[in-house]
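These notes are about the structure you will find just below.
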Amino acid sequence: MLKKDSAKSVPSWIEGSQMASQPESPKRAPPVDKFPLTVCVREWDCEKSGASFMRRRKKARVRIQLKRDPANGNGSGKNGYRDLEEGSSIGDDWSELIEQGDIVLFHLLKPIDAGDYESSVLLENDAISVGSASTISTMGFRGVDDFNRSTPAMGDGWKAKVSVPISKVSLKLDNLKCIASFAAGGIVKHNILYFSSDEEAKQFLLFVKRTKQSIRKHAEKAIRNDTFSNITDNSPLQPIKFLIEIISATDLKAEDKKTSDPYVVVKYGGEEIHKTKVIKKNLHPIWTVETKALFIFTLMPEDYYTHDVVFEVRDWDAFNPGSTLGQCLLSPKKMIMTNGERIECKLQYLQMGKDAQGYLAIRCKKASESDVEFVNLIESKEIADGDYYSDYVTPTVGQQNRNLRMKKKENGTKYHLARPVDKVRGEMWMTPDEIEKSAYENSDYWTEVGKGDLGSLFVEVIGCNDLPRLDRGLGGRQKSDAFVTAVYEDAVATTDVVMDCLNPRFLPHTQRAFKFNLSSIHSPLFIGVHDFDAGLTMHDPAGRITVPLQKFVPKTTYTITQDLYDSHEIVSERESRGSITLRIRLELKEQRALFFNALKSVPKTSVHLNNKKNYAHAKYAVRGALDVNQYDFKVFLSLIDELLQYHTVLYIVKDALKSLILWRSNHSMVMLCFVVVFTECPKYTPSLIIASVAWLMLALLGNERNRPSPWDNPPSYSSLLMRFITNKARPVNIKKFQRSDDDKDYSDRLRKLEEGHQASTNDFWEETNKEWETFDIMSAAERKESARHGSRTGKRKKEKFDLILKLLKPVLEPVQLTTLPIVMILRFVRDIAKWDQMYLSFWITTTAIFLTIVSGIGIYFIKDWDFIILWAKRIILYGTLSPLNKVVDIFYFSKFDAMSESQKEALTKEKRRRKRSRFHGNFATGQRQLEDYMKEEAVKTLMFGPHVITIPSLMTPDRYQGIPNAESYAEPTSQDTEKLMQPSKTFHGQGMGMENSNGIVPANYLKHSNLALLPKMRKATRQYQRPSPENGIEAPLLDSSKAISGGGTFDK
């Protein structure tokens, strides 16, 4: 029945009256004016029982409350309460009362026993309360105690058994019984309500139904009227799905002495809707897809304005929920309006109404179908794995095996089988000259990979020469089964296998041509050659090279032959293992863009693979036989040797000064000019210091340009300057064996000079080698032979050798890790001085010339320097040592000394707060870069595999730079670059494309998933696609329908 109350006498169960009349608990909420006020109430007395078989009826009361935030009240009576008389029309229908932001609560009450009535808040573990269990708010308002784990007393001798929003209630009428289901806190509880009459039960059911319809109607109307809504029709609104990403937290409070174990709990209306994983011992945690950063939150329209989403950062504890580190609130409307942009929320203790330490970064937006699918795939762990990507990294044997006949002789002419066999044309027998000629023809198929937009790098593998014999067995045809791996930035591609050949040629119908999309001119191309081994055996490495791209220019086709080495770091591994021939072409959107790109920092790049064999041969292409980042005695000795070799710089400087002073050099006249200006016009000394930098860089460039080899000769400064001004680069024409004799003589003279300079270093190295021979009991060949044939003696020697290294590791490993960054910095400086990093060298030289001119002009127009110096001394000395310091003492230091301890502590806390704020601002940039990198790595791990290869950056160059051999050549081409830049038909690769502001989910991950589902179709397409009839390196790319692209990027 409807309960009557008078507006003059406010009922005790109104929160405002209750809070005013009862003693305040030490854990009570903030003042009453922060609570929503009750606008109107309906009540029914009934009996209730559980839904179990043993039903026991108990006295109960149903209370439905309409609550409103005081800020939204519009004259609803005393304390927001509006008295309703029984039978009034407004009491049966609240549709005219409900406004935006109102909350209607359904309370199932039970009587308070005499033994239970100890205070206004009673503990009840089995109660379902939206405001219990560390929830911020029962109805979405702020200020409820975070640690209140009990159900509130409702007054008049009743307390809440169940308190939920009415939208969480489902009712079903069965005569006088009403089956009620309540969904809250992730639990669904059923109760049976018994009314005194059938009419009262129907009235109750009808009232709840009308109220829920009215709430939904008002919510839909408000959503349509919102400025962010694009909904214009009158069709019923569907549930709204949000994509939420918990990115990171910064500067959190240390709960466990010096650190915390944070995780985030997300709640809406008291229900826990998501919880991230715990990140141990971190005050700046970053959550990724691996730690449950992403989730989909579905919201019904009628609940849209009822609650805020609560994000609570907690410190994990093994035996309890842990303590709170702070909370923040986001309304659903704001979550949509942010549209995926990163927002940073200051953490607060909402129950106390004060700020907490730290910030929480979040991204939110309306979820699209692809977003929902992506999150579902992650949660189900069914996201596309890296098998489909491995198809382009795994070497393909094709139709060839050792049982095939490889050679034949007809009419006195030897013929070789073209391998692998073309499925369309069948077996093709060619003479060696025909195979050589065919290898230089244009490729039929292209694989496009990478995520860059700076330009494109076209690479064709022509062939190899004099490879080592890596397959050994009983047969006489056991040579090497060669294939080539190319790695550039985030992309890996592998050629087909040419079996049983030490001088393989990769013919146009094989997979040998790759188009890499550039993102940084500093990134080199890594090439590795391997011998293919079937089964679980790892592929044997044959050699590798590194191809720097800085000296390549557009509209030029480079055909380079370069020696293969096992390592570009270790002196003892610098024995040629054959050679490889590549055809390379660089195409750019803008030549000037290279100059500005050189000033950008190179992002940290990695490649993920799910196959250990693919990981091994790709890593060898990048790192070589030995990884300098891992402890190895050879690496240690090589680093020490490299440091000692830098003492030869002293001899070079000595010879240069001798040439300058004795006027043996062309730079002696420049030196004289410097001396005259310094002597006669000392005020220009600052300009001379800056000009000396430009002079030094130009002198070093002139020295490098004296090298006869066109492949080791940087362009002139004037040429680089014209490229920058005109945005064009002249094509290069280099002939075979151009100035090879002069280059050989120059190398011999340089070698003799270095031998004289490095006499002491060579003595050290000889002694070290002798010591190494005592440790290195087996030679490299013996170790390999022992590993193959299982020599027991070799195994014993190897075990002894490994034991010695283990004993030395604790001492030598810290030295190696300390030496390595020093060596890398010296290599970087060396590359700038030698103009190998010519764009950075150009900027250093140009900046020095510009500052020299500007400073010289400034000095020329400033006449009275003595006056400026005098006033500078006056300002500095008088400002720091004058009696004015007494004023500072009176108004600051004396006041501080007179403060009480509490005032000093408060001031100290404020300074710490400001310091944390400044730290947060400075920390934000690096934190965001780390967030993007970790996020991308986590997604790539899920999609492509857990085996990670970190690509060397600008600051980690090789010790030895590869230089093309004399038989290399370059020819200008006249093809249209714009046509060449047309994208291929299909993309795949590991470029995640997350640079955009709302990149919560990779935009085109579905393309990867679609490719993963069609491996057979993709392989068949690649094998049977016929070549384009056009000629030229770019011909297959002119028509996208004929281009077979196995690579690409994630869309931005």
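Identifiers for the structure tokens are assigned positionally: chains receive A, B, ... in sequence, residues are indexed from 1 per chain, and ligands are indexed from 1 in the order shown.
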Who sits within 12 Å of Trp695 of chain A, only C-alpha atoms, same chain under 3 positions skipped, as a ChimeraX atom specification: /A:667-671,673-674,688-692,698-702,717,844-846,848-849,852
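With only C-alpha atoms taken into account, the protein and nucleic acid residues at most 12 Å from Lys257 of chain A (excluding it and anything under 2 positions from it in its own chain) are A:Lys253, A:Ala254, A:Glu255, A:Thr259, A:Ser260, A:Asp261, A:Lys281, A:Asn282, A:Leu283.
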DSSP alpha helix (DSSP H) residues within segment 181-325 of chain A, listed as JSON, numbers by chain: {"A": [198, 199, 200, 201, 202, 203, 204, 205, 206, 207, 208, 209, 210, 211, 212, 213, 214, 215, 216, 217, 218, 219, 220, 221, 222, 223, 224, 225]}
Resulting file, chosen residues, N, CA, C and O atoms, as a compact mmCIF listing (two decimals), in the first residue's frame:
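As a result, result_30.txt now contains:
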# COMPACT_ATOMS: atom_id res chain seq x y z
N ASP A 198 -4.32 -9.31 -5.58
CA ASP A 198 -3.91 -9.35 -6.97
C ASP A 198 -3.82 -7.96 -7.55
O ASP A 198 -2.94 -7.65 -8.36
N GLU A 199 -4.71 -7.08 -7.14
CA GLU A 199 -4.73 -5.69 -7.65
C GLU A 199 -3.45 -4.95 -7.23
O GLU A 199 -2.86 -4.22 -8.02
N GLU A 200 -3.04 -5.17 -5.99
CA GLU A 200 -1.82 -4.49 -5.52
C GLU A 200 -0.59 -4.99 -6.27
O GLU A 200 0.30 -4.21 -6.62
N ALA A 201 -0.54 -6.30 -6.55
CA ALA A 201 0.58 -6.84 -7.29
C ALA A 201 0.64 -6.28 -8.70
O ALA A 201 1.71 -5.92 -9.21
N LYS A 202 -0.53 -6.19 -9.37
CA LYS A 202 -0.57 -5.63 -10.72
C LYS A 202 -0.19 -4.15 -10.70
O LYS A 202 0.50 -3.67 -11.61
N GLN A 203 -0.69 -3.42 -9.67
CA GLN A 203 -0.34 -2.00 -9.56
C GLN A 203 1.17 -1.81 -9.42
O GLN A 203 1.77 -0.94 -10.05
N PHE A 204 1.78 -2.66 -8.60
CA PHE A 204 3.23 -2.60 -8.41
C PHE A 204 3.98 -2.88 -9.71
O PHE A 204 4.89 -2.16 -10.10
N LEU A 205 3.56 -3.95 -10.39
CA LEU A 205 4.23 -4.31 -11.64
C LEU A 205 4.05 -3.23 -12.70
O LEU A 205 5.00 -2.88 -13.42
N LEU A 206 2.84 -2.67 -12.79
CA LEU A 206 2.59 -1.63 -13.78
C LEU A 206 3.38 -0.37 -13.47
O LEU A 206 3.92 0.28 -14.37
N PHE A 207 3.50 -0.01 -12.20
CA PHE A 207 4.26 1.18 -11.83
C PHE A 207 5.75 1.04 -12.22
O PHE A 207 6.35 1.95 -12.78
N VAL A 208 6.31 -0.14 -11.92
CA VAL A 208 7.72 -0.37 -12.25
C VAL A 208 7.93 -0.33 -13.76
O VAL A 208 8.88 0.26 -14.27
N LYS A 209 7.01 -0.94 -14.50
CA LYS A 209 7.12 -0.96 -15.95
C LYS A 209 7.05 0.44 -16.53
O LYS A 209 7.86 0.83 -17.39
N ARG A 210 6.06 1.26 -16.06
CA ARG A 210 5.93 2.63 -16.56
C ARG A 210 7.17 3.46 -16.21
O ARG A 210 7.63 4.27 -17.02
N THR A 211 7.66 3.26 -15.02
CA THR A 211 8.83 4.05 -14.60
C THR A 211 10.05 3.73 -15.46
O THR A 211 10.77 4.63 -15.90
N LYS A 212 10.27 2.44 -15.72
CA LYS A 212 11.40 2.05 -16.56
C LYS A 212 11.24 2.57 -17.98
O LYS A 212 12.22 3.04 -18.60
N GLN A 213 10.01 2.53 -18.51
CA GLN A 213 9.78 3.08 -19.85
C GLN A 213 10.01 4.58 -19.87
O GLN A 213 10.57 5.13 -20.83
N SER A 214 9.58 5.26 -18.81
CA SER A 214 9.76 6.72 -18.75
C SER A 214 11.24 7.08 -18.67
O SER A 214 11.70 8.03 -19.32
N ILE A 215 11.99 6.32 -17.88
CA ILE A 215 13.44 6.58 -17.77
C ILE A 215 14.10 6.40 -19.12
O ILE A 215 14.92 7.23 -19.56
N ARG A 216 13.76 5.32 -19.81
CA ARG A 216 14.36 5.07 -21.12
C ARG A 216 13.97 6.15 -22.12
O ARG A 216 14.80 6.62 -22.92
N LYS A 217 12.70 6.60 -22.07
CA LYS A 217 12.22 7.63 -22.99
C LYS A 217 12.98 8.93 -22.79
O LYS A 217 13.43 9.57 -23.74
N HIS A 218 13.14 9.33 -21.52
CA HIS A 218 13.86 10.57 -21.24
C HIS A 218 15.33 10.45 -21.62
O HIS A 218 15.93 11.41 -22.11
N ALA A 219 15.91 9.26 -21.38
CA ALA A 219 17.31 9.08 -21.73
C ALA A 219 17.51 9.17 -23.24
O ALA A 219 18.45 9.80 -23.72
N GLU A 220 16.64 8.54 -24.01
CA GLU A 220 16.75 8.59 -25.46
C GLU A 220 16.58 10.02 -25.96
O GLU A 220 17.29 10.46 -26.87
N LYS A 221 15.64 10.75 -25.38
CA LYS A 221 15.43 12.13 -25.79
C LYS A 221 16.66 12.98 -25.49
O LYS A 221 17.09 13.80 -26.32
N ALA A 222 17.24 12.78 -24.31
CA ALA A 222 18.43 13.57 -23.94
C ALA A 222 19.61 13.22 -24.84
O ALA A 222 20.37 14.10 -25.26
N ILE A 223 19.74 11.93 -25.18
CA ILE A 223 20.86 11.53 -26.04
C ILE A 223 20.70 12.15 -27.42
O ILE A 223 21.66 12.62 -28.03
N ARG A 224 19.48 12.17 -27.94
CA ARG A 224 19.26 12.76 -29.26
C ARG A 224 19.50 14.27 -29.25
O ARG A 224 19.93 14.84 -30.25
N ASN A 225 19.21 14.91 -28.13
CA ASN A 225 19.36 16.37 -28.05
C ASN A 225 20.79 16.79 -27.78
O ASN A 225 21.12 17.98 -27.90
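Proximity to Asn965 of chain A was assessed for A:Asn885, A:Asn713, A:Ser579, A:Ser687 counting only C-alpha atoms; the smallest distance is recorded for A:Ser579.
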